[in-house]
Structures are given as structure tokens and as C-alpha cells.
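> Pasting run-v3.txt here (compact mmCIF, C-alpha atoms):
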```txt
# COMPACT_ATOMS: atom_id res chain seq x y z
CA MET A 1 6.70 14.24 6.55
CA LYS A 2 2.97 14.82 6.12
CA VAL A 3 1.45 15.67 2.74
CA ASP A 4 -2.18 16.42 1.91
CA TYR A 5 -3.57 16.05 -1.61
CA SER A 6 -6.83 17.23 -3.09
CA ILE A 7 -8.97 14.71 -4.95
CA GLY A 8 -8.10 16.53 -8.15
CA GLU A 9 -4.36 16.08 -7.54
CA VAL A 10 -4.51 12.30 -7.19
CA ALA A 11 -7.49 11.38 -9.40
CA PRO A 12 -5.28 11.11 -12.52
CA TYR A 13 -3.32 8.36 -10.71
CA ILE A 14 -6.36 6.13 -10.18
CA ASN A 15 -5.99 2.65 -11.61
CA TRP A 16 -9.48 2.05 -12.99
CA ILE A 17 -8.79 -1.64 -13.63
CA TYR A 18 -9.04 -2.30 -9.88
CA PHE A 19 -12.13 -0.13 -9.55
CA PHE A 20 -13.90 -2.25 -12.19
CA TYR A 21 -12.68 -5.45 -10.56
CA ALA A 22 -14.00 -4.42 -7.14
CA TRP A 23 -17.33 -3.41 -8.71
CA GLY A 24 -17.58 -6.78 -10.45
CA ALA A 25 -17.72 -5.02 -13.80
CA ASN A 26 -15.17 -7.08 -15.71
CA GLY A 27 -17.91 -8.83 -17.66
CA MET A 28 -19.81 -5.65 -18.45
CA PRO A 29 -20.10 -4.43 -22.05
CA ARG A 30 -17.63 -1.67 -22.82
CA ALA A 31 -20.34 1.00 -23.07
CA GLU A 32 -21.61 0.19 -19.56
CA ARG A 33 -18.10 0.30 -18.15
CA ARG A 34 -17.57 3.72 -19.72
CA GLN A 35 -20.83 4.93 -18.20
CA LEU A 36 -19.81 3.59 -14.79
CA GLN A 37 -16.45 5.35 -14.98
CA ALA A 38 -18.16 8.57 -16.09
CA GLU A 39 -20.44 8.39 -13.03
CA ALA A 40 -17.43 7.83 -10.79
CA GLU A 41 -15.52 10.73 -12.34
CA GLN A 42 -18.52 13.01 -11.85
CA ARG A 43 -18.41 12.23 -8.15
CA LEU A 44 -14.68 12.86 -7.97
CA SER A 45 -15.26 16.28 -9.50
CA ARG A 46 -18.26 16.98 -7.25
CA TYR A 47 -16.40 16.19 -4.03
CA ASP A 48 -13.06 17.77 -4.94
CA GLY A 49 -12.56 20.42 -2.27
CA ARG A 50 -14.87 18.72 0.23
CA TYR A 51 -12.66 15.71 0.91
CA ARG A 52 -8.90 15.23 0.77
CA THR A 53 -6.36 12.43 0.84
CA HIS A 54 -3.43 12.33 3.25
CA ALA A 55 0.04 10.81 3.25
CA LEU A 56 2.90 10.22 5.67
CA PHE A 57 6.45 9.38 4.64
CA GLU A 58 9.74 8.88 6.47
CA LEU A 59 13.08 8.23 4.80
CA SER A 60 15.30 6.38 7.25
CA ASP A 61 18.71 4.78 7.40
CA ALA A 62 18.24 1.02 7.20
CA ARG A 63 20.13 -2.23 7.08
CA SER A 64 19.27 -5.88 6.72
CA GLU A 65 20.00 -8.40 9.45
CA GLY A 66 19.07 -11.90 8.35
CA ASP A 67 15.43 -11.71 7.29
CA ASP A 68 14.83 -8.50 9.25
CA ILE A 69 15.02 -4.88 8.13
CA ILE A 70 16.35 -2.57 10.85
CA VAL A 71 15.01 0.98 10.59
CA GLY A 72 16.42 3.18 13.32
CA GLY A 73 15.48 1.40 16.52
CA VAL A 74 12.65 -0.56 14.91
CA ARG A 75 13.10 -4.11 13.67
CA ILE A 76 10.75 -5.10 10.84
CA PRO A 77 10.75 -8.90 10.45
CA CYS A 78 10.03 -10.22 6.96
CA LEU A 79 9.02 -13.63 5.67
CA ARG A 80 10.94 -15.71 3.14
CA GLN A 81 9.45 -17.88 0.43
CA GLN A 82 9.69 -21.57 1.35
CA GLU A 83 7.73 -23.35 -1.36
CA GLN A 84 9.58 -25.50 -3.86
CA GLY A 85 9.81 -23.78 -7.23
CA SER A 86 10.02 -20.30 -5.69
CA ASP A 87 13.13 -18.11 -5.69
CA PHE A 88 13.15 -18.14 -1.84
CA LEU A 89 12.98 -14.36 -1.77
CA CYS A 90 12.62 -12.08 1.25
CA LEU A 91 12.21 -8.29 1.20
CA ALA A 92 15.32 -8.00 3.38
CA ASP A 93 17.31 -9.31 0.40
CA PHE A 94 16.84 -5.92 -1.27
CA VAL A 95 18.19 -3.84 1.63
CA GLY A 96 21.94 -3.54 2.11
CA GLN A 97 24.06 -3.09 5.23
CA GLN A 98 24.22 0.69 4.88
CA ASP A 99 21.08 1.60 3.04
CA LYS A 100 17.95 3.70 3.18
CA ILE A 101 14.29 2.77 3.11
CA GLY A 102 11.03 4.65 2.88
CA ILE A 103 8.08 3.97 5.18
CA PHE A 104 4.71 5.39 4.18
CA ALA A 105 0.98 5.45 4.77
CA THR A 106 -1.88 7.07 2.87
CA THR A 107 -5.56 7.47 3.69
CA VAL A 108 -8.67 9.53 2.96
CA ASP A 109 -10.98 11.75 4.97
CA ALA A 110 -13.19 9.42 6.99
CA GLY A 111 -16.30 11.08 5.60
CA LEU A 112 -15.77 9.36 2.27
CA GLU A 113 -16.66 6.13 4.08
CA THR A 114 -19.31 7.41 6.49
CA ASP A 115 -21.22 10.27 4.85
CA PHE A 116 -23.23 8.15 2.42
CA ASP A 117 -24.81 5.54 4.69
CA GLY A 118 -28.34 6.52 3.66
CA ASP A 119 -27.90 5.45 0.03
CA PRO A 120 -26.53 1.91 -0.57
CA TYR A 121 -25.54 2.61 -4.19
CA GLU A 122 -23.79 5.86 -3.31
CA LYS A 123 -22.09 4.27 -0.32
CA MET A 124 -20.67 1.46 -2.45
CA MET A 125 -19.55 3.91 -5.14
CA MET A 126 -17.82 6.19 -2.67
CA GLN A 127 -16.21 3.34 -0.74
CA LEU A 128 -14.66 1.96 -3.93
CA LEU A 129 -13.54 5.43 -4.96
CA ALA A 130 -12.07 6.01 -1.50
CA ASP A 131 -10.03 2.80 -1.88
CA ARG A 132 -8.77 3.97 -5.26
CA LEU A 133 -7.95 7.45 -3.97
CA ALA A 134 -5.83 6.03 -1.14
CA GLU A 135 -3.92 3.93 -3.67
CA ALA A 136 -3.64 6.91 -6.03
CA ALA A 137 -2.22 9.03 -3.20
CA ALA A 138 0.42 6.34 -2.64
CA GLU A 139 1.26 6.43 -6.35
CA ARG A 140 1.60 10.23 -6.34
CA LEU A 141 3.65 10.19 -3.13
CA HIS A 142 5.97 7.50 -4.48
CA GLU A 143 6.57 9.56 -7.61
CA GLN A 144 7.57 12.55 -5.50
CA VAL A 145 9.76 10.37 -3.29
CA ARG A 146 11.65 8.88 -6.24
CA LYS A 147 12.17 12.20 -7.99
CA SER A 148 12.51 14.65 -5.11
CA TYR A 149 12.11 13.70 -1.44
CA TRP A 150 14.51 10.75 -1.69
CA GLY A 151 15.65 11.65 -5.18
CA TYR A 152 17.13 8.33 -6.25
CA ALA A 153 15.53 8.71 -9.70
CA PRO A 154 15.57 12.49 -10.29
CA ASP A 155 15.49 12.19 -14.08
CA GLU A 156 12.57 9.76 -14.25
CA GLN A 157 10.19 10.61 -17.08
CA LEU A 158 7.24 8.23 -16.87
CA THR A 159 3.68 8.73 -17.93
CA ILE A 160 1.00 7.90 -15.39
CA ALA A 161 0.12 4.82 -17.43
CA GLU A 162 3.74 3.68 -17.15
CA MET A 163 3.70 4.33 -13.41
CA LEU A 164 0.54 2.26 -13.00
CA SER A 165 2.40 -0.51 -14.86
CA GLU A 166 5.17 -0.18 -12.24
CA ARG A 167 7.91 0.81 -14.67
CA TRP A 168 9.68 2.77 -11.94
CA GLN A 169 12.86 1.68 -10.17
CA GLY A 170 12.35 -0.20 -6.92
CA ILE A 171 9.18 -1.54 -5.30
CA ARG A 172 6.45 -0.32 -2.95
CA PRO A 173 5.30 -3.42 -1.02
CA ALA A 174 2.17 -2.75 1.01
CA VAL A 175 1.34 -4.29 4.38
CA GLY A 176 -1.20 -7.07 3.98
CA TYR A 177 -0.14 -7.81 0.41
CA PRO A 178 1.63 -11.00 -0.81
CA SER A 179 5.22 -10.05 0.03
CA LEU A 180 4.31 -8.45 3.38
CA PRO A 181 1.20 -10.36 4.49
CA ASP A 182 1.26 -9.69 8.24
CA THR A 183 -1.10 -6.74 8.92
CA SER A 184 0.19 -6.50 12.49
CA LEU A 185 3.36 -4.95 11.04
CA ASN A 186 1.36 -1.72 11.01
CA PHE A 187 2.05 -1.47 14.74
CA LEU A 188 5.77 -1.25 13.91
CA LEU A 189 5.22 1.27 11.12
CA ASP A 190 3.16 3.32 13.56
CA GLN A 191 6.20 3.59 15.82
CA VAL A 192 8.05 5.32 12.98
CA LEU A 193 5.22 7.34 11.42
CA ASN A 194 2.70 8.10 14.20
CA LEU A 195 -0.27 7.24 11.99
CA SER A 196 -2.68 9.36 14.02
CA GLN A 197 -1.17 12.41 12.30
CA ILE A 198 -3.37 11.63 9.30
CA GLY A 199 -6.34 10.30 11.24
CA LEU A 200 -5.41 6.63 11.03
CA ARG A 201 -6.08 4.19 13.85
CA LEU A 202 -5.32 0.49 14.12
CA THR A 203 -7.58 -2.38 15.12
CA VAL A 204 -6.35 -5.17 17.40
CA SER A 205 -5.11 -7.05 14.32
CA GLY A 206 -3.30 -4.04 12.85
CA ALA A 207 -5.91 -3.31 10.18
CA MET A 208 -6.25 0.40 9.43
CA LYS A 209 -9.27 2.64 9.86
CA PRO A 210 -10.43 4.29 7.61
CA HIS A 211 -10.50 1.11 5.55
CA ALA A 212 -9.41 3.10 2.50
CA SER A 213 -5.78 3.29 3.58
CA VAL A 214 -2.44 1.91 2.41
CA SER A 215 0.82 1.45 4.29
CA GLY A 216 4.13 -0.14 3.47
CA LEU A 217 7.74 0.22 2.45
CA MET A 218 9.55 1.93 -0.40
CA ILE A 219 12.66 0.08 -1.53
CA ALA A 220 14.96 1.58 -4.15
CA HIS A 221 17.16 -1.39 -5.09
CA PRO A 222 17.15 -1.61 -8.92
CA LYS A 223 16.78 -5.40 -8.81
CA ALA A 224 13.97 -5.40 -6.24
CA ARG A 225 10.79 -7.08 -7.43
CA TYR A 226 7.45 -8.16 -6.11
CA PHE A 227 6.78 -11.73 -5.04
CA SER A 228 4.32 -13.72 -2.98
CA VAL A 229 5.58 -15.27 0.25
CA GLY A 230 3.10 -18.10 -0.24
CA LYS A 231 2.81 -20.92 2.29
CA ILE A 232 5.19 -21.15 5.23
CA ALA A 233 5.91 -24.13 7.46
CA ALA A 234 5.83 -24.39 11.25
CA ASP A 235 9.55 -23.69 11.58
CA GLN A 236 9.34 -20.31 9.88
CA LEU A 237 6.13 -19.46 11.73
CA ALA A 238 7.88 -20.06 15.05
CA ASP A 239 10.97 -18.12 13.99
CA TYR A 240 8.88 -15.22 12.70
CA ALA A 241 6.79 -15.10 15.89
CA ARG A 242 10.03 -14.98 17.90
CA ARG A 243 11.35 -12.11 15.81
CA ARG A 244 8.01 -10.26 16.11
CA GLY A 245 7.91 -10.88 19.87
CA ILE A 246 4.41 -12.36 19.57
CA PRO A 247 3.19 -15.79 20.74
CA VAL A 248 2.96 -18.38 17.98
CA SER A 249 -0.76 -18.86 18.69
CA LEU A 250 -1.45 -15.18 18.00
CA MET A 251 0.88 -15.06 15.02
CA ARG A 252 -1.01 -17.99 13.57
CA LYS A 253 -4.16 -15.84 13.54
CA PHE A 254 -2.37 -13.01 11.73
CA LEU A 255 -0.86 -15.34 9.11
CA GLY A 256 -3.58 -17.97 8.81
CA GLY A 257 -3.75 -17.81 5.01
CA ASN A 258 -0.01 -18.33 4.70
CA ILE A 259 0.41 -21.33 6.98
CA GLN A 260 0.75 -24.81 5.53
```
What do you get writing this file as C-alpha cells?


Amino acid sequence: MKVDYSIGEVAPYINWIYFFYAWGANGMPRAERRQLQAEAEQRLSRYDGRYRTHALFELSDARSEGDDIIVGGVRIPCLRQQEQGSDFLCLADFVGQQDKIGIFATTVDAGLETDFDGDPYEKMMMQLLADRLAEAAAERLHEQVRKSYWGYAPDEQLTIAEMLSERWQGIRPAVGYPSLPDTSLNFLLDQVLNLSQIGLRLTVSGAMKPHASVSGLMIAHPKARYFSVGKIAADQLADYARRRGIPVSLMRKFLGGNIQ
């Protein structure tokens, strides 16, 4: 399923905390932060109608098999926490034997990243806003999935502030983030979604272009929670590479920050 959103539709879902963090504005006086947000909001209003955000979503039958999630004919290997003191969690723990899972991607019109090259300040502003709009589109899509498209929480009544605090049921782990750190998983998601439908292409490492894009899974299990895989040892690296069908030497490059 493909969904397009205007800037105006998703702007209310922007988490400004991350915008300020990316700008390096956390130490700014409050008045300056307000002025910065006002400038950003002016641009959102100015470019509403010129640029759009885009989303893809598929709801599929799924089951867990060891530390893998099987979605149709696609096997999505996951990593399990190994460090002492962790709960030894794996995303596959939250998918049953006869279950469903959502697979999604969101992005922005490429022009938000390329049309402002002549002005360094404007380029930085629009790049950071593009990042936030892609995340906001994922937030809006997930709300619609929970309440309608999948409908596992049809009576949910959350404010946007509560959504940004992740008060909803389930989790939305994104590729490249702590519980799903291998960006090359985007190649598997592409097999399900056909990312080119929304103008997304993948680099040799699985990173998405435009940069302002998000992809991942939607898991409905009421006890599902976020976690960081953290460091993994050589045994899990080898097992994961086998399950991914990728040589260990290449997998090491994809997971360098997670290897002990």
C-alpha cells in the first residue's frame, strides 16, 4: 500500500526534540530555540504543496523461527542481545507462530535535499526538516496502521504528544537503529515493498537515498519493547552471516559497531 502525505498533514507529528539535537541547539537559550523553531515552521508552511512525503506499508502473515522472522517467502534474520546484564532479547521473540507483521518505509521528495545547494544555511535547515518529516510520516502511518489498516488498536485515543512518547501498543523498530542495526536488511524489505515505488534506492550497504528516509517493522505484541542489541561475539556474527547468506567478512563491515 502506498500513501502520500502533504507536509501539512505530517508536520504536527514532528518531534522537535530531535530537530534541536541535530541542530546542536540543546544548549541554546529558550528564546533562541523558539526563534529557530519558528523559522523552521515558516519553511514548512512555505513549502507545503511543493513537496510531499511518501509511505509504503505491507501487512503480512509472519512467524518466528529461532531468531528469524519469516514474512511470506522472505526470511528476516534478527540479532539477540549477548552482553551480560541484558535481557537477551531478540525481535523474533515478539512474533508468534501464526502472527502478522507490518513492513514499512517512508521518505520525502528528493528536492528537499537537493534544491537548496546554493545556500548552506538553507540546505542544513531543509535537510534537518526533511529528516523530521520522514520520521513524522512514519508516525502518522503507524497511527493509521494501528487504528485502521491493521486495526489492532481501533479504539486508541492518544494525543500526538503521547504518540511521540511511544504510548501506543507494540513497537516500530527501524532498520539501522539499536534493535535492528544491520542496514543491509533493507535489501530484504525491498523484496516485500519494492521501495522504488516511492522513489527510494539503496546503496551497496543498504543505506537509503534520499537520506531522509525510514524503514522498518511494525510489531503489535503488547509486551514488545525496544532494546539495543549491543555487542555481539564472533559466534553470533558467524551465525547471523549464515542466516543472511552473506560472507562473514562482508557482514563484519555492516555490523562493525556491534562486534566485540

> List the neighbours of Tyr47 in chain A out to 12 Å using only C-alpha atoms; skip same-chain residues closer than 2 positions along the sequence, and give me the result as a ChimeraX atom specification.

/A:6-8,11,40-45,49-53,109,111-112,115,126,129-130

> Please provide the set of residues having any atom within 7 Å of Met218 in chain A, restricted to only C-alpha atoms, with same-chain residues fewer than 6 positions apart removed, written as a PyMOL selection string.

chain A and resi 101-103+171-173

> Restricting the output to C-alpha atoms, write the selected residues as an mmCIF file, in the frame of the given file.


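Written out: selection_22.cif:
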```cif
data_model
loop_
_atom_site.group_PDB
_atom_site.id
_atom_site.type_symbol
_atom_site.label_atom_id
_atom_site.label_comp_id
_atom_site.auth_asym_id
_atom_site.auth_seq_id
_atom_site.Cartn_x
_atom_site.Cartn_y
_atom_site.Cartn_z
ATOM 1 C CA ILE A 101 14.290 2.770 3.110
ATOM 2 C CA GLY A 102 11.030 4.650 2.880
ATOM 3 C CA ILE A 103 8.080 3.970 5.180
ATOM 4 C CA ILE A 171 9.180 -1.540 -5.300
ATOM 5 C CA ARG A 172 6.450 -0.320 -2.950
ATOM 6 C CA PRO A 173 5.300 -3.420 -1.020
#
```

> Set the distance at 12 Å and use all atoms listed in the file: which residues neighbour Phe20 in chain A once local chain neighbours fewer than 2 positions away are removed? I'd like the list as a compact mmCIF listing (two decimals) with C-alpha atoms, keeping the file's coordinate frame.


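Output file around-v1.txt is given in full below:
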```txt
# COMPACT_ATOMS: atom_id res chain seq x y z
CA ILE A 14 -6.36 6.13 -10.18
CA ASN A 15 -5.99 2.65 -11.61
CA TRP A 16 -9.48 2.05 -12.99
CA ILE A 17 -8.79 -1.64 -13.63
CA TYR A 18 -9.04 -2.30 -9.88
CA ALA A 22 -14.00 -4.42 -7.14
CA TRP A 23 -17.33 -3.41 -8.71
CA GLY A 24 -17.58 -6.78 -10.45
CA ALA A 25 -17.72 -5.02 -13.80
CA ASN A 26 -15.17 -7.08 -15.71
CA GLY A 27 -17.91 -8.83 -17.66
CA MET A 28 -19.81 -5.65 -18.45
CA PRO A 29 -20.10 -4.43 -22.05
CA ARG A 30 -17.63 -1.67 -22.82
CA GLU A 32 -21.61 0.19 -19.56
CA ARG A 33 -18.10 0.30 -18.15
CA ARG A 34 -17.57 3.72 -19.72
CA GLN A 35 -20.83 4.93 -18.20
CA LEU A 36 -19.81 3.59 -14.79
CA GLN A 37 -16.45 5.35 -14.98
CA ALA A 40 -17.43 7.83 -10.79
CA MET A 125 -19.55 3.91 -5.14
CA LEU A 128 -14.66 1.96 -3.93
CA LEU A 129 -13.54 5.43 -4.96
CA ARG A 132 -8.77 3.97 -5.26
```

> From the set A:Ala153, A:Val108, A:Leu158, A:Leu79, which residue has the shortest atom-to-atom contact distance to Tyr240 in chain A, counting only C-alpha atoms?

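Of all the options, A:Leu79 lies closest to Tyr240 in chain A.
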
> If you count only C-alpha atoms, which residues fall within 9 Å of Asp131 in chain A, apart from same-chain ones fewer than 5 positions away, as an MDAnalysis selection string?

chainID A and resid 19 107:108 126 136 211:214

> Determine the nearest neighbour of Leu200 in chain A from the options A:Thr106, A:Gln81, A:Ser249, A:Gln97, counting all atoms listed in the file.

A:Thr106

> Name the residues in contact with range 138-146 of chain A at a cut-off of 7 Å, using only C-alpha atoms, excluding same-chain residues fewer than 4 positions from it; report them as a PyMOL selection string.

chain A and resi 10+13+106+134+150-154

> Which of these residues is nearest to Leu59 in chain A, using only C-alpha atoms: A:Leu180, A:Ile219, A:Ala224, A:Ala110?

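Nearest candidate to Leu59 in chain A out of A:Leu180, A:Ile219, A:Ala224, A:Ala110: A:Ile219.
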
> Mind pulling up the distance from CA of Ile232 in chain A to CA of Phe187 in chain A?

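Taking CA of Phe187 in chain A and CA of Ile232 in chain A, their separation equals 22.1 Å.
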
> Could you jot down the CA of Cys90 in chain A to CA of Ser64 in chain A separation for me, Å, one decimal place?

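We find that CA of Cys90 in chain A and CA of Ser64 in chain A lie 10.6 Å from each other.
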
> For CA of Phe104 in chain A and CA of Ser215 in chain A, quote the distance in Å rounded to one decimal.

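A separation of 5.5 Å between them.
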
> Counting only C-alpha atoms, find residues at most 8 Å from (8.2, -10.5, 6.7) (file frame) and give them as a list in words.

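Nearby residues: Asp67, Asp68, Ile76, Pro77, Cys78, Leu79, Arg80, Cys90, Leu91, Ser179, Leu180, Pro181, Asp182 and Tyr240 of chain A.
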
> Give me the box for range 20-25 of chain A as AutoDock Vina command-line options, namely the centre and edge lengths in Å to one decimal of a box along x, y and z that holds every listed atom plus 8 Å on each side.


```
--center_x -15.2 --center_y -4.5 --center_z -10.5 --size_x 21.0 --size_y 20.5 --size_z 22.7
```
